[in-house]
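S.K.: My structure is in protein.csv, and what it holds is CSV, C-alpha atoms:
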chain,number,residue,atom,x,y,z
O,1319,MET,CA,-18.6,37.9,-10.2
O,1320,HIS,CA,-16.7,37.1,-7.0
O,1321,SER,CA,-18.3,38.3,-3.8
O,1322,ASP,CA,-15.3,40.6,-3.1
O,1323,ASP,CA,-15.8,42.2,-6.5
O,1324,PHE,CA,-19.1,44.0,-6.0
O,1325,ASP,CA,-17.4,47.3,-5.2
O,1326,ARG,CA,-14.3,46.9,-7.4
O,1327,ASP,CA,-13.8,49.5,-10.1
O,1328,PRO,CA,-12.4,47.7,-13.2
O,1329,THR,CA,-11.0,51.0,-14.6
O,1330,VAL,CA,-9.1,51.8,-11.4
O,1331,THR,CA,-7.8,48.2,-11.2
O,1332,LEU,CA,-6.6,48.4,-14.8
O,1333,HIS,CA,-4.8,51.6,-14.3
O,1334,LEU,CA,-3.3,50.4,-10.9
O,1335,ARG,CA,-1.9,47.4,-12.7
O,1336,SER,CA,-0.4,49.6,-15.3
O,1337,LEU,CA,1.0,52.0,-12.7
O,1338,LEU,CA,2.5,49.3,-10.5
O,1339,ARG,CA,3.7,46.8,-13.1
O,1340,PRO,CA,7.2,45.6,-12.5
O,1341,PRO,CA,10.0,46.5,-14.9
O,1342,ALA,CA,9.8,44.3,-18.0
O,1343,ASP,CA,13.5,44.5,-18.9
O,1344,ALA,CA,15.3,41.2,-18.2
O,1345,ALA,CA,18.5,43.1,-17.7
O,1346,TYR,CA,16.9,44.9,-14.7
O,1347,TRP,CA,16.2,41.6,-13.0
O,1348,ASP,CA,19.6,40.2,-13.7
O,1349,GLY,CA,21.1,43.4,-12.2
O,1350,LEU,CA,18.8,43.2,-9.1
O,1351,GLU,CA,19.8,39.5,-8.6
O,1352,THR,CA,23.4,40.5,-8.7
O,1353,ARG,CA,22.9,43.4,-6.2
O,1354,ILE,CA,21.0,41.1,-3.8
O,1355,MET,CA,23.7,38.4,-4.0
O,1356,ASP,CA,26.4,41.0,-3.5
O,1357,ARG,CA,24.7,42.3,-0.4
O,1358,ILE,CA,24.3,38.8,1.0
O,1359,VAL,CA,28.0,38.0,0.3
O,1360,ALA,CA,29.0,41.3,1.9
O,1361,ASP,CA,26.8,40.6,4.9
O,1362,GLY,CA,28.8,37.3,5.4
O,1363,ALA,CA,26.1,35.6,7.6
O,1364,PRO,CA,26.1,31.9,6.9
O,1365,ALA,CA,22.8,30.1,6.1
O,1366,LEU,CA,24.1,26.8,7.5
O,1367,ARG,CA,21.5,24.5,8.9
O,1368,THR,CA,23.7,23.6,11.9
O,1369,THR,CA,23.3,27.1,13.4
O,1370,GLY,CA,20.3,26.2,15.5
O,1371,GLY,CA,16.5,25.5,15.7
O,1372,PHE,CA,14.6,22.8,14.1
O,1373,ALA,CA,16.9,22.6,11.1
O,1374,ALA,CA,19.8,21.9,13.4
O,1375,ILE,CA,17.9,19.1,15.0
O,1376,SER,CA,17.1,17.7,11.6
O,1377,ALA,CA,20.8,17.9,10.6
O,1378,TRP,CA,21.8,16.1,13.8
O,1379,TRP,CA,19.4,13.3,13.1
O,1380,GLU,CA,20.1,12.8,9.4
O,1381,PRO,CA,23.0,10.2,9.8
O,1382,PHE,CA,20.7,8.1,12.0
O,1383,ALA,CA,17.6,8.4,9.9
O,1384,GLN,CA,18.6,5.3,7.8
O,1385,TRP,CA,18.8,3.2,10.9
O,1386,THR,CA,15.2,4.1,12.1
O,1387,ARG,CA,13.6,0.9,10.6
O,1388,ALA,CA,16.3,-1.5,11.9
O,1389,GLY,CA,16.2,0.2,15.3
O,1390,GLY,CA,12.5,-0.1,15.5
O,1391,LEU,CA,12.7,-3.9,14.8
O,1392,VAL,CA,15.4,-4.4,17.4
O,1393,ALA,CA,13.4,-2.4,20.0
O,1394,ALA,CA,10.2,-4.5,19.3
O,1395,ALA,CA,12.2,-7.8,19.6
O,1396,ALA,CA,13.7,-6.6,22.9
O,1397,LEU,CA,10.3,-5.6,24.2
O,1398,ALA,CA,8.8,-9.0,23.2
O,1399,LEU,CA,11.7,-10.8,25.0
O,1400,THR,CA,11.2,-8.7,28.1
O,1401,VAL,CA,7.5,-9.4,28.2
O,1402,TRP,CA,8.1,-13.2,27.7
O,1403,GLY,CA,10.8,-13.2,30.4
O,1404,LEU,CA,8.5,-11.4,32.9
O,1405,TRP,CA,5.6,-13.8,32.1
O,1406,GLU,CA,7.9,-16.8,32.6
O,1407,THR,CA,9.3,-15.5,35.9
O,1408,SER,CA,5.8,-14.7,37.3
O,1409,SER,CA,4.4,-18.1,36.3
O,1410,SER,CA,7.3,-20.0,37.9
O,1411,ASP,CA,7.0,-17.9,41.1
O,1412,ALA,CA,3.3,-18.8,41.1
O,1413,ARG,CA,4.1,-22.5,40.6
O,1414,LEU,CA,6.7,-22.5,43.4
O,1415,ALA,CA,4.3,-20.7,45.7
O,1416,HIS,CA,1.5,-23.1,44.9
O,1417,GLU,CA,3.8,-26.1,45.5
O,1418,ALA,CA,4.9,-24.7,48.8
O,1419,ALA,CA,1.3,-24.1,49.9
O,1420,VAL,CA,0.3,-27.6,48.9
O,1421,GLU,CA,3.3,-29.1,50.7
O,1422,ALA,CA,2.5,-27.1,53.9
O,1423,LEU,CA,-1.1,-28.3,53.9
O,1424,SER,CA,-0.1,-31.9,53.5
O,1425,THR,CA,2.1,-31.7,56.7
O,1426,PRO,CA,0.2,-32.6,59.9
O,1427,LEU,CA,-0.7,-29.5,61.9
O,1428,ASP,CA,0.7,-30.9,65.2
O,1429,SER,CA,4.1,-31.0,63.8
O,1430,VAL,CA,4.0,-27.4,62.7
O,1431,GLY,CA,3.2,-26.0,66.2
O,1432,ARG,CA,5.8,-25.6,68.9
O,1433,PRO,CA,5.2,-26.4,72.5
O,1434,LEU,CA,5.4,-23.4,74.8
O,1435,SER,CA,8.7,-23.1,76.5
O,1436,ASP,CA,9.2,-22.0,80.1
O,1437,ALA,CA,10.9,-18.8,79.1
O,1438,PRO,CA,9.3,-15.7,80.6
O,1439,ARG,CA,8.7,-14.1,77.2
O,1440,GLU,CA,6.6,-17.2,76.2
O,1441,LYS,CA,4.6,-17.0,79.3
O,1442,THR,CA,3.2,-13.6,78.7
O,1443,VAL,CA,0.4,-14.6,76.3
O,1444,PRO,CA,-1.2,-17.2,78.7
O,1445,ASP,CA,-0.8,-14.6,81.5
O,1446,LEU,CA,-2.6,-12.0,79.4
O,1447,PHE,CA,-5.5,-14.4,78.7
O,1448,ARG,CA,-5.8,-15.2,82.3
O,1449,TYR,CA,-7.0,-11.6,83.1
K,1254,MET,CA,-19.7,11.6,-28.6
K,1255,SER,CA,-16.3,9.9,-29.1
K,1256,ARG,CA,-14.8,13.3,-29.9
K,1257,ARG,CA,-16.2,14.6,-26.6
K,1258,LYS,CA,-14.6,11.7,-24.8
K,1259,ALA,CA,-11.3,12.3,-26.5
K,1260,ARG,CA,-11.4,16.0,-25.5
K,1261,THR,CA,-12.1,15.0,-21.9
K,1262,ALA,CA,-9.3,12.5,-21.9
K,1263,GLU,CA,-7.0,15.1,-23.5
K,1264,GLY,CA,-8.0,17.6,-20.8
K,1265,ALA,CA,-7.3,15.1,-18.0
K,1266,LEU,CA,-3.9,14.4,-19.5
K,1267,GLU,CA,-3.1,18.1,-19.7
K,1268,ALA,CA,-4.2,18.6,-16.1
K,1269,LYS,CA,-2.0,15.7,-14.9
K,1270,ALA,CA,0.9,17.1,-16.8
K,1271,ALA,CA,0.4,20.5,-15.2
K,1272,ALA,CA,0.1,19.0,-11.8
K,1273,ASP,CA,3.3,17.0,-12.4
K,1274,ALA,CA,5.1,20.1,-13.5
K,1275,VAL,CA,4.0,21.9,-10.3
K,1276,LEU,CA,5.3,19.0,-8.2
K,1277,ALA,CA,8.6,18.9,-10.1
K,1278,ALA,CA,9.0,22.7,-9.6
K,1279,ARG,CA,8.3,22.4,-5.9
K,1280,GLU,CA,10.8,19.5,-5.5
K,1281,GLN,CA,13.4,21.6,-7.4
K,1282,GLU,CA,12.8,24.5,-5.1
K,1283,ARG,CA,13.1,22.2,-2.0
K,1284,LEU,CA,16.4,21.0,-3.3
K,1285,HIS,CA,17.6,24.6,-3.9
K,1286,VAL,CA,16.6,25.5,-0.3
K,1287,VAL,CA,18.4,22.4,1.2
K,1288,ALA,CA,21.5,23.2,-0.9
K,1289,ALA,CA,21.4,26.9,0.2
K,1290,GLN,CA,21.0,25.8,3.8
K,1291,ASP,CA,24.2,23.8,3.3
K,1292,GLY,CA,26.0,27.0,2.2
K,1293,ASP,CA,25.5,26.8,-1.6
K,1294,MET,CA,25.3,30.4,-2.8
K,1295,SER,CA,24.4,29.5,-6.4
K,1296,ALA,CA,21.4,27.6,-5.0
K,1297,PHE,CA,20.3,30.7,-3.1
K,1298,SER,CA,20.9,32.7,-6.3
K,1299,GLN,CA,18.4,30.4,-8.1
K,1300,LEU,CA,15.8,31.1,-5.4
K,1301,VAL,CA,16.4,34.9,-5.8
K,1302,ARG,CA,16.0,34.6,-9.6
K,1303,LYS,CA,12.7,32.7,-9.2
K,1304,HIS,CA,11.1,34.8,-6.5
K,1305,GLN,CA,12.4,38.4,-7.0
K,1306,GLN,CA,9.6,39.6,-9.3
K,1307,ARG,CA,6.9,38.4,-7.0
K,1308,ALA,CA,8.8,39.8,-4.0
K,1309,TYR,CA,9.0,43.2,-5.8
K,1310,ALA,CA,5.3,43.1,-6.4
K,1311,VAL,CA,4.7,42.5,-2.7
K,1312,ALA,CA,7.0,45.4,-1.7
K,1313,ARG,CA,5.5,47.7,-4.3
K,1314,ALA,CA,2.1,47.1,-2.8
K,1315,VAL,CA,3.3,48.6,0.5
K,1316,LEU,CA,5.7,51.2,-0.9
K,1317,LEU,CA,4.9,53.9,-3.4
K,1318,SER,CA,8.3,54.3,-5.1
K,1319,HIS,CA,10.2,51.9,-7.3
K,1320,GLU,CA,13.5,52.5,-5.4
K,1321,ASP,CA,11.9,51.9,-2.0
K,1322,ALA,CA,10.4,48.6,-3.3
K,1323,GLU,CA,13.7,47.5,-4.6
K,1324,ASP,CA,15.4,48.4,-1.2
K,1325,ALA,CA,12.7,46.3,0.6
K,1326,VAL,CA,13.3,43.4,-1.8
K,1327,GLN,CA,17.0,43.5,-1.1
K,1328,GLU,CA,16.4,43.7,2.7
K,1329,GLY,CA,13.9,40.9,2.5
K,1330,PHE,CA,16.3,38.5,0.7
K,1331,LEU,CA,19.0,39.5,3.1
K,1332,HIS,CA,16.8,38.7,6.1
K,1333,ALA,CA,15.6,35.5,4.5
K,1334,HIS,CA,19.2,34.3,4.0
K,1335,ARG,CA,20.1,35.1,7.6
K,1336,ALA,CA,17.0,33.1,8.8
K,1337,LEU,CA,17.3,30.3,6.3
K,1338,SER,CA,18.7,27.8,8.8
K,1339,ARG,CA,15.3,28.0,10.7
K,1340,PHE,CA,13.3,27.4,7.5
K,1341,ARG,CA,11.8,24.0,7.0
K,1342,PRO,CA,12.4,23.0,3.3
K,1343,ASP,CA,9.1,21.2,3.1
K,1344,GLN,CA,7.2,24.5,3.5
K,1345,PRO,CA,6.5,26.8,0.6
K,1346,PHE,CA,9.5,29.1,0.3
K,1347,GLY,CA,7.5,31.8,-1.6
K,1348,ALA,CA,4.9,32.4,1.2
K,1349,TRP,CA,7.7,32.6,3.8
K,1350,LEU,CA,9.7,35.0,1.7
K,1351,HIS,CA,6.7,37.2,1.0
K,1352,ARG,CA,6.1,37.6,4.7
K,1353,ILE,CA,9.7,38.7,5.3
K,1354,VAL,CA,9.6,41.1,2.3
K,1355,SER,CA,6.3,42.6,3.4
K,1356,ASN,CA,7.7,43.1,6.9
K,1357,ALA,CA,10.8,44.8,5.4
K,1358,ALA,CA,8.5,47.0,3.3
K,1359,LEU,CA,6.3,48.0,6.2
K,1360,ASP,CA,9.4,48.8,8.2
K,1361,LEU,CA,10.8,50.9,5.4
K,1362,ALA,CA,7.4,52.7,5.0
K,1363,ARG,CA,7.4,53.6,8.7
K,1364,ARG,CA,11.0,54.9,8.5
K,1365,ARG,CA,10.1,56.9,5.4
K,1366,LYS,CA,7.0,58.4,7.1
K,1367,VAL,CA,9.2,59.6,10.0
K,1368,ARG,CA,11.8,61.0,7.7
K,1369,ASP,CA,9.2,62.7,5.5
K,1370,THR,CA,7.5,64.2,8.5
K,1371,ASP,CA,10.8,65.4,9.9
K,1372,GLU,CA,12.1,66.9,6.7
K,1373,LEU,CA,8.8,67.9,5.0
K,1374,VAL,CA,9.9,66.2,1.8
K,1375,ASP,CA,7.4,65.8,-1.0
K,1376,THR,CA,6.5,62.1,-0.9
K,1377,HIS,CA,6.1,61.9,-4.6
K,1378,ALA,CA,9.5,63.2,-5.5
K,1379,SER,CA,11.6,60.4,-7.0
K,1380,PRO,CA,14.6,60.4,-9.4
K,1381,PHE,CA,13.2,57.3,-11.0
K,1382,ARG,CA,10.9,58.0,-14.0
K,1383,ASP,CA,9.1,55.5,-16.1
K,1384,PRO,CA,6.7,56.2,-18.9
K,1385,ALA,CA,3.7,55.5,-16.7
K,1386,GLU,CA,4.7,58.3,-14.3
K,1387,ALA,CA,4.4,60.9,-17.1
K,1388,ASP,CA,0.8,60.0,-17.5
K,1389,GLU,CA,-1.5,62.4,-15.6
K,1390,LEU,CA,-4.0,59.7,-14.7
K,1391,HIS,CA,-1.2,57.7,-13.2
K,1392,ASP,CA,0.0,60.7,-11.2
K,1393,ARG,CA,-3.5,61.1,-9.8
K,1394,LEU,CA,-3.7,57.4,-9.0
K,1395,ARG,CA,-0.4,57.6,-7.3
K,1396,SER,CA,-1.6,60.6,-5.3
K,1397,ALA,CA,-4.8,58.8,-4.3
K,1398,LEU,CA,-2.8,55.7,-3.2
K,1399,SER,CA,-0.5,57.9,-1.1
K,1400,GLN,CA,-3.6,59.2,0.8
K,1401,LEU,CA,-4.6,55.7,1.9
K,1402,PRO,CA,-3.3,54.3,5.2
K,1403,ASP,CA,-0.3,51.9,4.5
K,1404,ARG,CA,-2.3,48.8,5.5
K,1405,GLN,CA,-5.3,49.6,3.3
K,1406,ARG,CA,-3.1,50.5,0.3
K,1407,SER,CA,-1.2,47.2,0.7
K,1408,VAL,CA,-4.3,45.1,0.9
K,1409,LEU,CA,-5.9,46.9,-2.1
K,1410,VAL,CA,-2.8,46.4,-4.3
K,1411,LEU,CA,-2.1,42.8,-3.1
K,1412,HIS,CA,-5.7,41.8,-3.7
K,1413,ASP,CA,-6.8,43.8,-6.8
K,1414,VAL,CA,-3.5,44.1,-8.6
K,1415,GLU,CA,-1.5,41.0,-7.5
K,1416,GLY,CA,-4.4,38.7,-7.1
K,1417,TYR,CA,-3.7,37.4,-3.6
K,1418,LYS,CA,-6.5,35.9,-1.5
K,1419,HIS,CA,-7.5,37.4,1.8
K,1420,ALA,CA,-6.0,34.5,3.8
K,1421,GLU,CA,-2.7,35.0,2.0
K,1422,ILE,CA,-2.7,38.7,2.6
K,1423,GLY,CA,-3.6,38.2,6.2
K,1424,ALA,CA,-0.6,35.8,6.6
K,1425,MET,CA,1.7,38.3,4.8
K,1426,LEU,CA,0.7,41.4,6.8
K,1427,ALA,CA,0.0,39.6,10.1
K,1428,LEU,CA,-3.7,40.5,9.9
K,1429,PRO,CA,-6.9,38.5,10.6
K,1430,GLU,CA,-8.6,37.5,7.3
K,1431,GLY,CA,-11.7,39.5,8.2
K,1432,THR,CA,-9.6,42.6,8.8
K,1433,ALA,CA,-7.9,42.2,5.3
K,1434,ARG,CA,-11.4,41.9,3.8
K,1435,SER,CA,-12.8,45.0,5.5
K,1436,ASP,CA,-9.6,47.0,4.7
K,1437,LEU,CA,-10.1,46.1,1.0
K,1438,HIS,CA,-13.6,47.6,1.0
K,1439,HIS,CA,-12.5,50.7,2.9
K,1440,ALA,CA,-9.6,51.2,0.5
K,1441,ARG,CA,-11.9,50.9,-2.5
K,1442,ALA,CA,-14.4,53.3,-1.0
K,1443,ALA,CA,-11.6,55.8,-0.3
K,1444,MET,CA,-10.2,55.5,-3.8
K,1445,ARG,CA,-13.7,56.1,-5.3
K,1446,THR,CA,-14.0,59.2,-3.2
K,1447,ILE,CA,-10.5,60.5,-4.0
K,1448,LEU,CA,-10.8,59.7,-7.7
K,1449,GLY,CA,-14.4,60.8,-8.0
K,1450,SER,CA,-13.5,63.5,-10.5
K,1451,LEU,CA,-11.8,60.9,-12.8
K,1452,ARG,CA,-15.1,59.2,-13.4
K,1453,ARG,CA,-17.0,62.3,-14.4
K,1454,PRO,CA,-17.2,62.9,-18.1
K,1455,ALA,CA,-15.0,65.8,-19.3
Can you dump the structure from the file as structure tokens?

M.R.:
Amino acid sequence: MHSDDFDRDPTVTLHLRSLLRPPADAAYWDGLETRIMDRIVADGAPALRTTGGFAAISAWWEPFAQWTRAGGLVAAAALALTVWGLWETSSSDARLAHEAAVEALSTPLDSVGRPLSDAPREKTVPDLFRY
Amino acid sequence: MSRRKARTAEGALEAKAAADAVLAAREQERLHVVAAQDGDMSAFSQLVRKHQQRAYAVARAVLLSHEDAEDAVQEGFLHAHRALSRFRPDQPFGAWLHRIVSNAALDLARRRKVRDTDELVDTHASPFRDPAEADELHDRLRSALSQLPDRQRSVLVLHDVEGYKHAEIGAMLALPEGTARSDLHHARAAMRTILGSLRRPA
């Protein structure tokens, strides 16, 4: 016996089933179907999916759904190309920076510096150190 | 031993065939829903044909009279058709429809209660007569059912007569499963009290 059945009265259940049984006549159900459909037609409200909500979004997406796989492949290829391009750019930048640094170090330090000019602006630093 | 194996294999084949039939029916229903969503009225008519008896049983659990149950079924299908664009075809149509029909039935029961209170009409009066109504025992059962609160009566009938599970009843009537369970036991206890005299030997 099911745990919900400990207080069920089988006699009452039997009579309830008999009392509430749906009409057995097939003609009744044909007639009810007709009445339901007549009311729906008279109501005139469309059931179309394009009227809103999730179904509307699904309907909008349907023509594009077949391109999902191809679109995914193209997106993946574009992403791979972008990553490769970024890596190439950054490695060439690093190479150029490295070459510039090496070149700068190989130049004698004397030739890099400039002699102080006699302009007043250039004199301020030695003047500051003096005090 | 080999006969036993053969029986087991036969049983497995039958189970597979039954499962395949269920899947085919579900797919057929999904196609009808999609077609109905595209405006195909004959597809919706197929859905009505398939589900109207179960919908009637749900409505009859809430409402005491045959006419009210039929009204609730018609209202339910009308609301379902209006809301069909928002229904996802991969979901079970029956469960969705039963929720709508039970709401329509509860709404009708509330309206009837107000009307009956206002007009002091005998709640059992009905022009519809079936052989069962002539039976005295059925009259007393009907009277006992009418004394139960709407929710308890619905849970009792949906569970004991229609065979729904508590979770399904909870979903249908917007109740927690535990409430449906306790409503069932309260309803059975009330029926026992009301029908006490039925069980006494004559």

S.K.: Work out how far atom CA of K:Gly1329 is from atom CA of K:Gln1281, in Å to one decimal.

M.R.: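 Here the two named atoms are 21.7 Å from each other.
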
S.K.: Specify as an NGL selection string all residues of chain K found within 6 Å of chain O, counting only C-alpha atoms.

M.R.: :K and (1290-1292 or 1327 or 1331 or 1334-1335 or 1337-1339 or 1385 or 1414)

S.K.: If I put a ball of radius 12 Å at (-4.7, 51.7, -6.2) in the file's coordinates, which residues poke into it when counting all atoms listed in the file, written as a PyMOL selection string?

M.R.: (chain O and resi 1326-1339) or (chain K and resi 1313-1317+1390-1403+1405-1415+1437+1440-1445+1447-1448)

S.K.: Tell me, in Å to one decimal, how far atom CA of K:His1304 is from atom CA of K:Tyr1417.

M.R.: 15.3 Å

S.K.: How many Å separate atom CA of K:Asp1436 from atom CA of K:Arg1404?

M.R.: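 Answer for the atom CA of K:Asp1436 to atom CA of K:Arg1404 separation: 7.6 Å.
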
S.K.: Can you pull out the residues contacting K:Arg1352? Cut-off 10 Å, using all atoms listed in the file, and skip same-chain residues under 6 positions away; I want them as a PDB file with C-alpha atoms, in the coordinates of the input.

M.R.:
ATOM      1  CA  ALA K1308       8.800  39.800  -4.000  1.00  0.00           C
ATOM      2  CA  VAL K1311       4.700  42.500  -2.700  1.00  0.00           C
ATOM      3  CA  GLY K1329      13.900  40.900   2.500  1.00  0.00           C
ATOM      4  CA  ALA K1333      15.600  35.500   4.500  1.00  0.00           C
ATOM      5  CA  ALA K1358       8.500  47.000   3.300  1.00  0.00           C
ATOM      6  CA  GLU K1421      -2.700  35.000   2.000  1.00  0.00           C
ATOM      7  CA  ILE K1422      -2.700  38.700   2.600  1.00  0.00           C
ATOM      8  CA  GLY K1423      -3.600  38.200   6.200  1.00  0.00           C
ATOM      9  CA  ALA K1424      -0.600  35.800   6.600  1.00  0.00           C
ATOM     10  CA  MET K1425       1.700  38.300   4.800  1.00  0.00           C
ATOM     11  CA  LEU K1426       0.700  41.400   6.800  1.00  0.00           C
ATOM     12  CA  ALA K1427       0.000  39.600  10.100  1.00  0.00           C
TER      13      ALA K1427
END
